[in-house]
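A.B. asks: The structure under discussion is supplied below as structure tokens; questions concerning it will follow.
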Amino acid sequence: MFTNNFDPVAFEIFSLSIRWYSLAYIFGIIFGWVYCKRILIKDVMILKLFEDYISYLIIGIIVGGRLGYVIFYNFFYFLNNPIEIFMIWNGGMSFHGGLIGVIISSILFSKKKKKNVFIFLDLVSITAPIGILFGRISNFINGELVGKVTNSSWGVFFPNFDDKLRHPSQLYEAFLEGIVLFILMNLIFFNKNYKVGTCSIMFLILYGIFRIAAEFFREPDIQIGYLIGNVSMGILLSVIMVLIGFLIYFKRNNETKSQKI
């Protein structure tokens with residue numbers, strides 16, 4: 001058993017508090033930028049375009065993540081308090097919303113540069129798990145998105161939430177959606193028969209599956225609860241992710257077969 005007494009503030013510069021969650025975004029983006037430039041990108045033209053793409057990516061993550069939280073998780077509250085939509089420093093970001101934002105910004109960028117959007121989405125899919133890893137660890141430090149009550153020896157007390165022993169579901173997600181997914185994405189990408197778009201598709205499917213599994217150990221958001229039975233908003237959105245991933249997969253397979261004929 002462990003008591004989570006971590007300070008969500010990493011350090012302060014004068015009167016400005018720098019939180020672990022903010023650092024997770026910063027270091028996740030930096031890691032993705034460096035890993036893509038040093039390891040993944042071999043095409044000189046894509047390498048040059050990647051510098052501009054990062055700006056689109058950051059905007060997509062922030063705008064999509066915030067709007068996703070507003071729409072999926074607290075719509076009526078923000079409907080009555082619209083000015084708070086812009087107060088992102090108070091917390092409230094959605095992974096699924098960020099994903100939609102990334103996809104939209106990538107489509108806009110690729111159309112502008114007349115490139116295959118899957119080239120850029122593949123790069124994001126390969127590196128995003130490390131950003132997710134940092135994000136879930138910061139969720140654990142913040143004592144938020146807590147797990148369900150448990151009697152297991154590895155349970156954690158989150159004193160700022162309640163006095164019950166709970167699953168460290170944030171760490172389960174960090175392991176599955178971060179470490180395991182990063183390894184799998186790289187194994188897929190570095191396969192000698194790799195086809196552009198495969199990582200993008202597999203990211204949707206694998207992340208969705210891992211998130212669904214983790215959601216069974218995680219408390220649903222208080223303001224929503226369960227939608228139907230034990231189905232949380234996170235499970236619903238992840239099921240949609242998986243289904244879309246399979247639809248794209250089968251569509252691409254059919255197109256490939258028809259081209260061969």
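Convention: chains lettered A, B, ... in structure tokens order; per-chain residue numbering from 1; ligands numbered from 1 as shown.
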Check the DSSP output for the backbone and give back, as number ranges by chain, the residues of segment 9-84 of chain A in strand (DSSP E or B).
C.D. replies: A: 9-13, 16-19
A.B. asks: I need the residues from that last selection saved to file as a compact mmCIF listing (two decimals), in the first residue's frame (with C-alpha atoms), if you can.
C.D. replies:
```txt
# COMPACT_ATOMS: atom_id res chain seq x y z
CA VAL A 9 3.47 21.58 -8.74
CA ALA A 10 6.91 20.56 -10.02
CA PHE A 11 8.55 23.91 -9.21
CA GLU A 12 7.90 27.62 -9.11
CA ILE A 13 9.54 30.47 -10.99
CA LEU A 16 4.48 31.12 -11.61
CA SER A 17 3.72 27.49 -10.72
CA ILE A 18 4.94 24.90 -13.21
CA ARG A 19 2.86 21.75 -12.89
```
A.B. asks: Return the single residue from A:Lys115, A:Lys195, A:Arg218, A:Lys164 that is closest to Glu144 of chain A, with distances computed using only C-alpha atoms.
C.D. replies: A:Arg218
A.B. asks: To one decimal in Å, tell me the separation between atom CA of Trp154 of chain A and atom CA of Phe140 of chain A.
C.D. replies: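 Value for the atom CA of Trp154 of chain A-atom CA of Phe140 of chain A distance: 13.9 Å.
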A.B. asks: Write out as a PyMOL selection string the residues lying within 9 Å of segment 29-40 of chain A, counting only C-alpha atoms and excluding same-chain residues fewer than 4 positions away.
C.D. replies: chain A and resi 24-25+47+50-51+54+58+123-124+126-128+130-131+189
A.B. asks: Those residues with C-alpha atoms, as a PDB file, in the first residue's frame please?
C.D. replies:
```pdb
ATOM      1  CA  ALA A  24       4.175  16.137 -19.524  1.00  0.00           C
ATOM      2  CA  TYR A  25       2.838  17.952 -22.599  1.00  0.00           C
ATOM      3  CA  LEU A  47      12.042  16.336 -42.647  1.00  0.00           C
ATOM      4  CA  PHE A  50       7.997  18.377 -40.219  1.00  0.00           C
ATOM      5  CA  GLU A  51       9.180  21.651 -38.658  1.00  0.00           C
ATOM      6  CA  ILE A  54       4.733  20.643 -35.344  1.00  0.00           C
ATOM      7  CA  ILE A  58       0.406  21.545 -31.050  1.00  0.00           C
ATOM      8  CA  LEU A 123       4.820   9.694 -37.071  1.00  0.00           C
ATOM      9  CA  VAL A 124       2.408  10.875 -34.396  1.00  0.00           C
ATOM     10  CA  ILE A 126       4.697   6.041 -33.174  1.00  0.00           C
ATOM     11  CA  THR A 127       5.770   8.786 -30.782  1.00  0.00           C
ATOM     12  CA  ALA A 128       2.496   9.710 -29.029  1.00  0.00           C
ATOM     13  CA  ILE A 130       5.613   8.442 -24.767  1.00  0.00           C
ATOM     14  CA  GLY A 131       3.616  11.641 -24.353  1.00  0.00           C
ATOM     15  CA  PHE A 189       6.996   0.610 -38.265  1.00  0.00           C
TER      16      PHE A 189
END
```
A.B. asks: Please measure the separation of atom CA of Tyr21 of chain A and atom CA of Thr3 of chain A, giving the value in Å to one decimal.
C.D. replies: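 About the pair atom CA of Tyr21 of chain A and atom CA of Thr3 of chain A: they are 19.6 Å apart.
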A.B. asks: Taking the DSSP secondary structure from the backbone, can you list the residues of segment 9-238 of chain A that are helix (DSSP H, G or I), as a ChimeraX atom specification?
C.D. replies: /A:20-40,44-73,75-80,82-86,88-90,95-113,117-142,169-189,198-215,233-238
A.B. asks: Can you tell me, as a compact mmCIF listing (two decimals) with N, CA and C atoms, in the first residue's frame, what residues are no more than 8 Å from Gly68 of chain A when counting only C-alpha atoms, ignoring any on the same chain fewer than 2 positions away?
C.D. replies:
```txt
# COMPACT_ATOMS: atom_id res chain seq x y z
N GLY A 64 -8.17 20.62 -29.68
CA GLY A 64 -8.98 19.40 -29.70
C GLY A 64 -9.15 18.80 -28.32
N GLY A 65 -8.06 18.78 -27.54
CA GLY A 65 -8.13 18.22 -26.19
C GLY A 65 -9.09 18.98 -25.30
N ARG A 66 -9.05 20.31 -25.41
CA ARG A 66 -9.94 21.13 -24.57
C ARG A 66 -11.39 21.01 -25.01
N VAL A 70 -14.76 19.57 -23.07
CA VAL A 70 -15.97 20.39 -22.95
C VAL A 70 -17.19 19.64 -23.49
N ILE A 71 -17.05 19.05 -24.66
CA ILE A 71 -18.19 18.39 -25.33
C ILE A 71 -18.49 17.02 -24.73
N PHE A 72 -17.46 16.22 -24.51
CA PHE A 72 -17.67 14.84 -24.07
C PHE A 72 -17.91 14.70 -22.57
N TYR A 73 -17.28 15.55 -21.78
CA TYR A 73 -17.25 15.30 -20.34
C TYR A 73 -17.97 16.33 -19.46
N MET A 93 -8.74 18.18 -19.99
CA MET A 93 -8.34 17.86 -21.36
C MET A 93 -8.79 16.43 -21.66
N SER A 94 -9.17 16.20 -22.90
CA SER A 94 -9.63 14.87 -23.31
C SER A 94 -8.67 14.28 -24.33
N PHE A 95 -8.24 13.04 -24.09
CA PHE A 95 -7.35 12.39 -25.06
C PHE A 95 -8.06 12.24 -26.40
N HIS A 96 -9.30 11.76 -26.37
CA HIS A 96 -10.02 11.52 -27.62
C HIS A 96 -10.26 12.82 -28.38
N GLY A 97 -10.50 13.91 -27.64
CA GLY A 97 -10.65 15.20 -28.30
C GLY A 97 -9.34 15.64 -28.92
N GLY A 98 -8.23 15.42 -28.19
CA GLY A 98 -6.91 15.75 -28.73
C GLY A 98 -6.61 14.95 -29.98
```
A.B. asks: Which residues are close to Val102 of chain A, i.e. within 7 Å by only C-alpha atoms, leaving aside same-chain residues fewer than 4 positions away? Reply as a list of chain:residue names.
C.D. replies: A:Leu57, A:Gly60, A:Ile61, A:Gly98, A:Ser106
A.B. asks: Output N, CA and C atoms of each residue in that selection to a file, as a tab-separated table (two decimals), in the first residue's frame.
C.D. replies:
```tsv
chain	number	residue	atom	x	y	z
A	57	LEU	N	0.34	20.56	-35.18
A	57	LEU	CA	0.13	19.47	-34.22
A	57	LEU	C	-0.17	20.00	-32.83
A	60	GLY	N	-3.60	21.47	-32.71
A	60	GLY	CA	-4.59	20.40	-32.75
A	60	GLY	C	-4.75	19.72	-31.40
A	61	ILE	N	-3.62	19.46	-30.73
A	61	ILE	CA	-3.65	18.80	-29.42
A	61	ILE	C	-4.38	19.65	-28.39
A	98	GLY	N	-8.23	15.42	-28.19
A	98	GLY	CA	-6.91	15.75	-28.73
A	98	GLY	C	-6.61	14.95	-29.98
A	106	SER	N	-3.75	17.57	-39.06
A	106	SER	CA	-2.88	16.82	-39.98
A	106	SER	C	-3.47	16.81	-41.39
```
A.B. asks: Have a look at A:Gly28, A:Gly155, A:Gly92, A:Gly178 and name the one nearest to Pro129 of chain A; count only C-alpha atoms.
C.D. replies: A:Gly178
A.B. asks: Which neighbours of segment 205-207 of chain A fall inside 12 Å, counting only C-alpha atoms, when residues of the same chain fewer than 5 positions from it are skipped, and could you give them as a ChimeraX atom specification?
C.D. replies: /A:95-96,99,125-126,128-129,132,173-185,188,198-200,212-215,234-235,237-249
A.B. asks: Once you have the residues from the selection above, write them out as a short mmCIF file (atom, residue, chain, number, x, y, z; two decimals), in the first residue's frame, restricted to N, CA and C atoms.
C.D. replies:
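Below you can see part-v1.cif, which holds the result:
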```cif
data_model
loop_
_atom_site.label_atom_id
_atom_site.label_comp_id
_atom_site.auth_asym_id
_atom_site.auth_seq_id
_atom_site.Cartn_x
_atom_site.Cartn_y
_atom_site.Cartn_z
N PHE A 95 -8.24 13.04 -24.09
CA PHE A 95 -7.35 12.39 -25.06
C PHE A 95 -8.06 12.24 -26.40
N HIS A 96 -9.30 11.76 -26.37
CA HIS A 96 -10.02 11.52 -27.62
C HIS A 96 -10.26 12.82 -28.38
N LEU A 99 -7.03 13.69 -29.99
CA LEU A 99 -6.83 12.83 -31.16
C LEU A 99 -7.57 13.39 -32.38
N SER A 125 1.57 8.60 -34.37
CA SER A 125 1.17 7.33 -33.76
C SER A 125 2.34 6.62 -33.10
N ILE A 126 3.51 6.72 -33.70
CA ILE A 126 4.70 6.04 -33.17
C ILE A 126 5.23 6.72 -31.92
N ALA A 128 3.50 9.27 -30.00
CA ALA A 128 2.50 9.71 -29.03
C ALA A 128 2.48 8.89 -27.74
N PRO A 129 2.72 7.57 -27.79
CA PRO A 129 2.67 6.80 -26.54
C PRO A 129 3.60 7.32 -25.44
N ILE A 132 1.81 10.10 -23.87
CA ILE A 132 0.73 9.52 -23.06
C ILE A 132 1.30 8.99 -21.75
N GLU A 173 -2.57 2.54 -17.12
CA GLU A 173 -2.67 3.19 -18.43
C GLU A 173 -1.29 3.62 -18.94
N ALA A 174 -0.45 4.10 -18.03
CA ALA A 174 0.90 4.50 -18.41
C ALA A 174 1.65 3.32 -19.01
N PHE A 175 1.47 2.15 -18.42
CA PHE A 175 2.16 0.95 -18.90
C PHE A 175 1.60 0.48 -20.24
N LEU A 176 0.27 0.35 -20.32
CA LEU A 176 -0.35 -0.17 -21.55
C LEU A 176 -0.33 0.83 -22.69
N GLU A 177 -0.83 2.04 -22.43
CA GLU A 177 -0.97 3.05 -23.48
C GLU A 177 0.35 3.76 -23.78
N GLY A 178 1.29 3.65 -22.84
CA GLY A 178 2.58 4.29 -23.01
C GLY A 178 3.67 3.34 -23.45
N ILE A 179 4.15 2.53 -22.53
CA ILE A 179 5.30 1.66 -22.80
C ILE A 179 4.98 0.57 -23.82
N VAL A 180 3.93 -0.21 -23.56
CA VAL A 180 3.59 -1.33 -24.45
C VAL A 180 3.24 -0.83 -25.85
N LEU A 181 2.43 0.22 -25.92
CA LEU A 181 2.01 0.74 -27.22
C LEU A 181 3.19 1.31 -28.00
N PHE A 182 4.11 1.96 -27.31
CA PHE A 182 5.30 2.51 -27.98
C PHE A 182 6.13 1.39 -28.60
N ILE A 183 6.32 0.31 -27.85
CA ILE A 183 7.09 -0.83 -28.36
C ILE A 183 6.41 -1.43 -29.58
N LEU A 184 5.10 -1.65 -29.49
CA LEU A 184 4.36 -2.25 -30.60
C LEU A 184 4.37 -1.36 -31.84
N MET A 185 4.19 -0.05 -31.67
CA MET A 185 4.21 0.86 -32.80
C MET A 185 5.56 0.83 -33.53
N ILE A 188 6.02 -2.45 -35.48
CA ILE A 188 5.25 -2.40 -36.73
C ILE A 188 5.95 -1.53 -37.76
N THR A 198 -0.18 2.08 -41.77
CA THR A 198 -0.40 0.94 -40.89
C THR A 198 -0.34 1.34 -39.42
N CYS A 199 0.63 2.17 -39.05
CA CYS A 199 0.75 2.59 -37.65
C CYS A 199 -0.45 3.43 -37.22
N SER A 200 -0.94 4.26 -38.12
CA SER A 200 -2.11 5.08 -37.80
C SER A 200 -3.31 4.21 -37.48
N ILE A 212 -9.86 0.60 -23.11
CA ILE A 212 -11.05 -0.11 -22.64
C ILE A 212 -10.69 -1.00 -21.45
N ALA A 213 -9.57 -1.73 -21.56
CA ALA A 213 -9.13 -2.62 -20.48
C ALA A 213 -8.86 -1.82 -19.21
N ALA A 214 -8.18 -0.68 -19.35
CA ALA A 214 -7.84 0.13 -18.19
C ALA A 214 -9.06 0.77 -17.55
N GLU A 215 -10.06 1.10 -18.37
CA GLU A 215 -11.27 1.76 -17.87
C GLU A 215 -12.02 0.89 -16.86
N GLY A 234 -15.20 7.03 -21.48
CA GLY A 234 -13.92 6.58 -22.01
C GLY A 234 -14.04 5.29 -22.80
N ILE A 235 -14.84 4.36 -22.30
CA ILE A 235 -15.05 3.08 -23.00
C ILE A 235 -15.79 3.33 -24.31
N LEU A 237 -16.00 6.04 -26.23
CA LEU A 237 -15.15 6.70 -27.22
C LEU A 237 -14.06 5.77 -27.74
N SER A 238 -13.55 4.90 -26.87
CA SER A 238 -12.51 3.96 -27.28
C SER A 238 -13.06 2.86 -28.19
N VAL A 239 -14.29 2.43 -27.93
CA VAL A 239 -14.94 1.44 -28.80
C VAL A 239 -15.10 2.04 -30.21
N ILE A 240 -15.50 3.30 -30.27
CA ILE A 240 -15.64 3.98 -31.56
C ILE A 240 -14.28 4.04 -32.25
N MET A 241 -13.22 4.32 -31.49
CA MET A 241 -11.86 4.33 -32.04
C MET A 241 -11.51 3.01 -32.70
N VAL A 242 -11.77 1.92 -31.97
CA VAL A 242 -11.44 0.58 -32.47
C VAL A 242 -12.22 0.28 -33.73
N LEU A 243 -13.51 0.59 -33.73
CA LEU A 243 -14.35 0.32 -34.89
C LEU A 243 -13.88 1.11 -36.12
N ILE A 244 -13.54 2.38 -35.92
CA ILE A 244 -13.03 3.20 -37.02
C ILE A 244 -11.71 2.63 -37.54
N GLY A 245 -10.86 2.17 -36.61
CA GLY A 245 -9.60 1.56 -37.01
C GLY A 245 -9.80 0.35 -37.90
N PHE A 246 -10.73 -0.52 -37.51
CA PHE A 246 -11.01 -1.71 -38.32
C PHE A 246 -11.65 -1.35 -39.66
N LEU A 247 -12.52 -0.35 -39.66
CA LEU A 247 -13.15 0.08 -40.92
C LEU A 247 -12.10 0.57 -41.91
N ILE A 248 -11.16 1.37 -41.42
CA ILE A 248 -10.09 1.87 -42.30
C ILE A 248 -9.22 0.72 -42.77
N TYR A 249 -8.94 -0.21 -41.86
CA TYR A 249 -8.11 -1.37 -42.20
C TYR A 249 -8.73 -2.19 -43.33
#
```
A.B. asks: Rank nothing, just name the residue among A:Leu23, A:Val156, A:Ile119, A:Leu108 nearest to Ile41 of chain A, using only C-alpha atoms.
C.D. replies: A:Ile119
A.B. asks: To one decimal in Å, tell me the separation between atom CA of Gln170 of chain A and atom CA of Ile137 of chain A.
C.D. replies: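 For atom CA of Gln170 of chain A relative to atom CA of Ile137 of chain A, the distance reads 6.6 Å.
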A.B. asks: Could you check the closest approach to Gly91 of chain A for each of A:Ile62, A:Ile104, A:Met233, A:Leu187 and tell me which residue wins, using only C-alpha atoms?
C.D. replies: A:Ile62
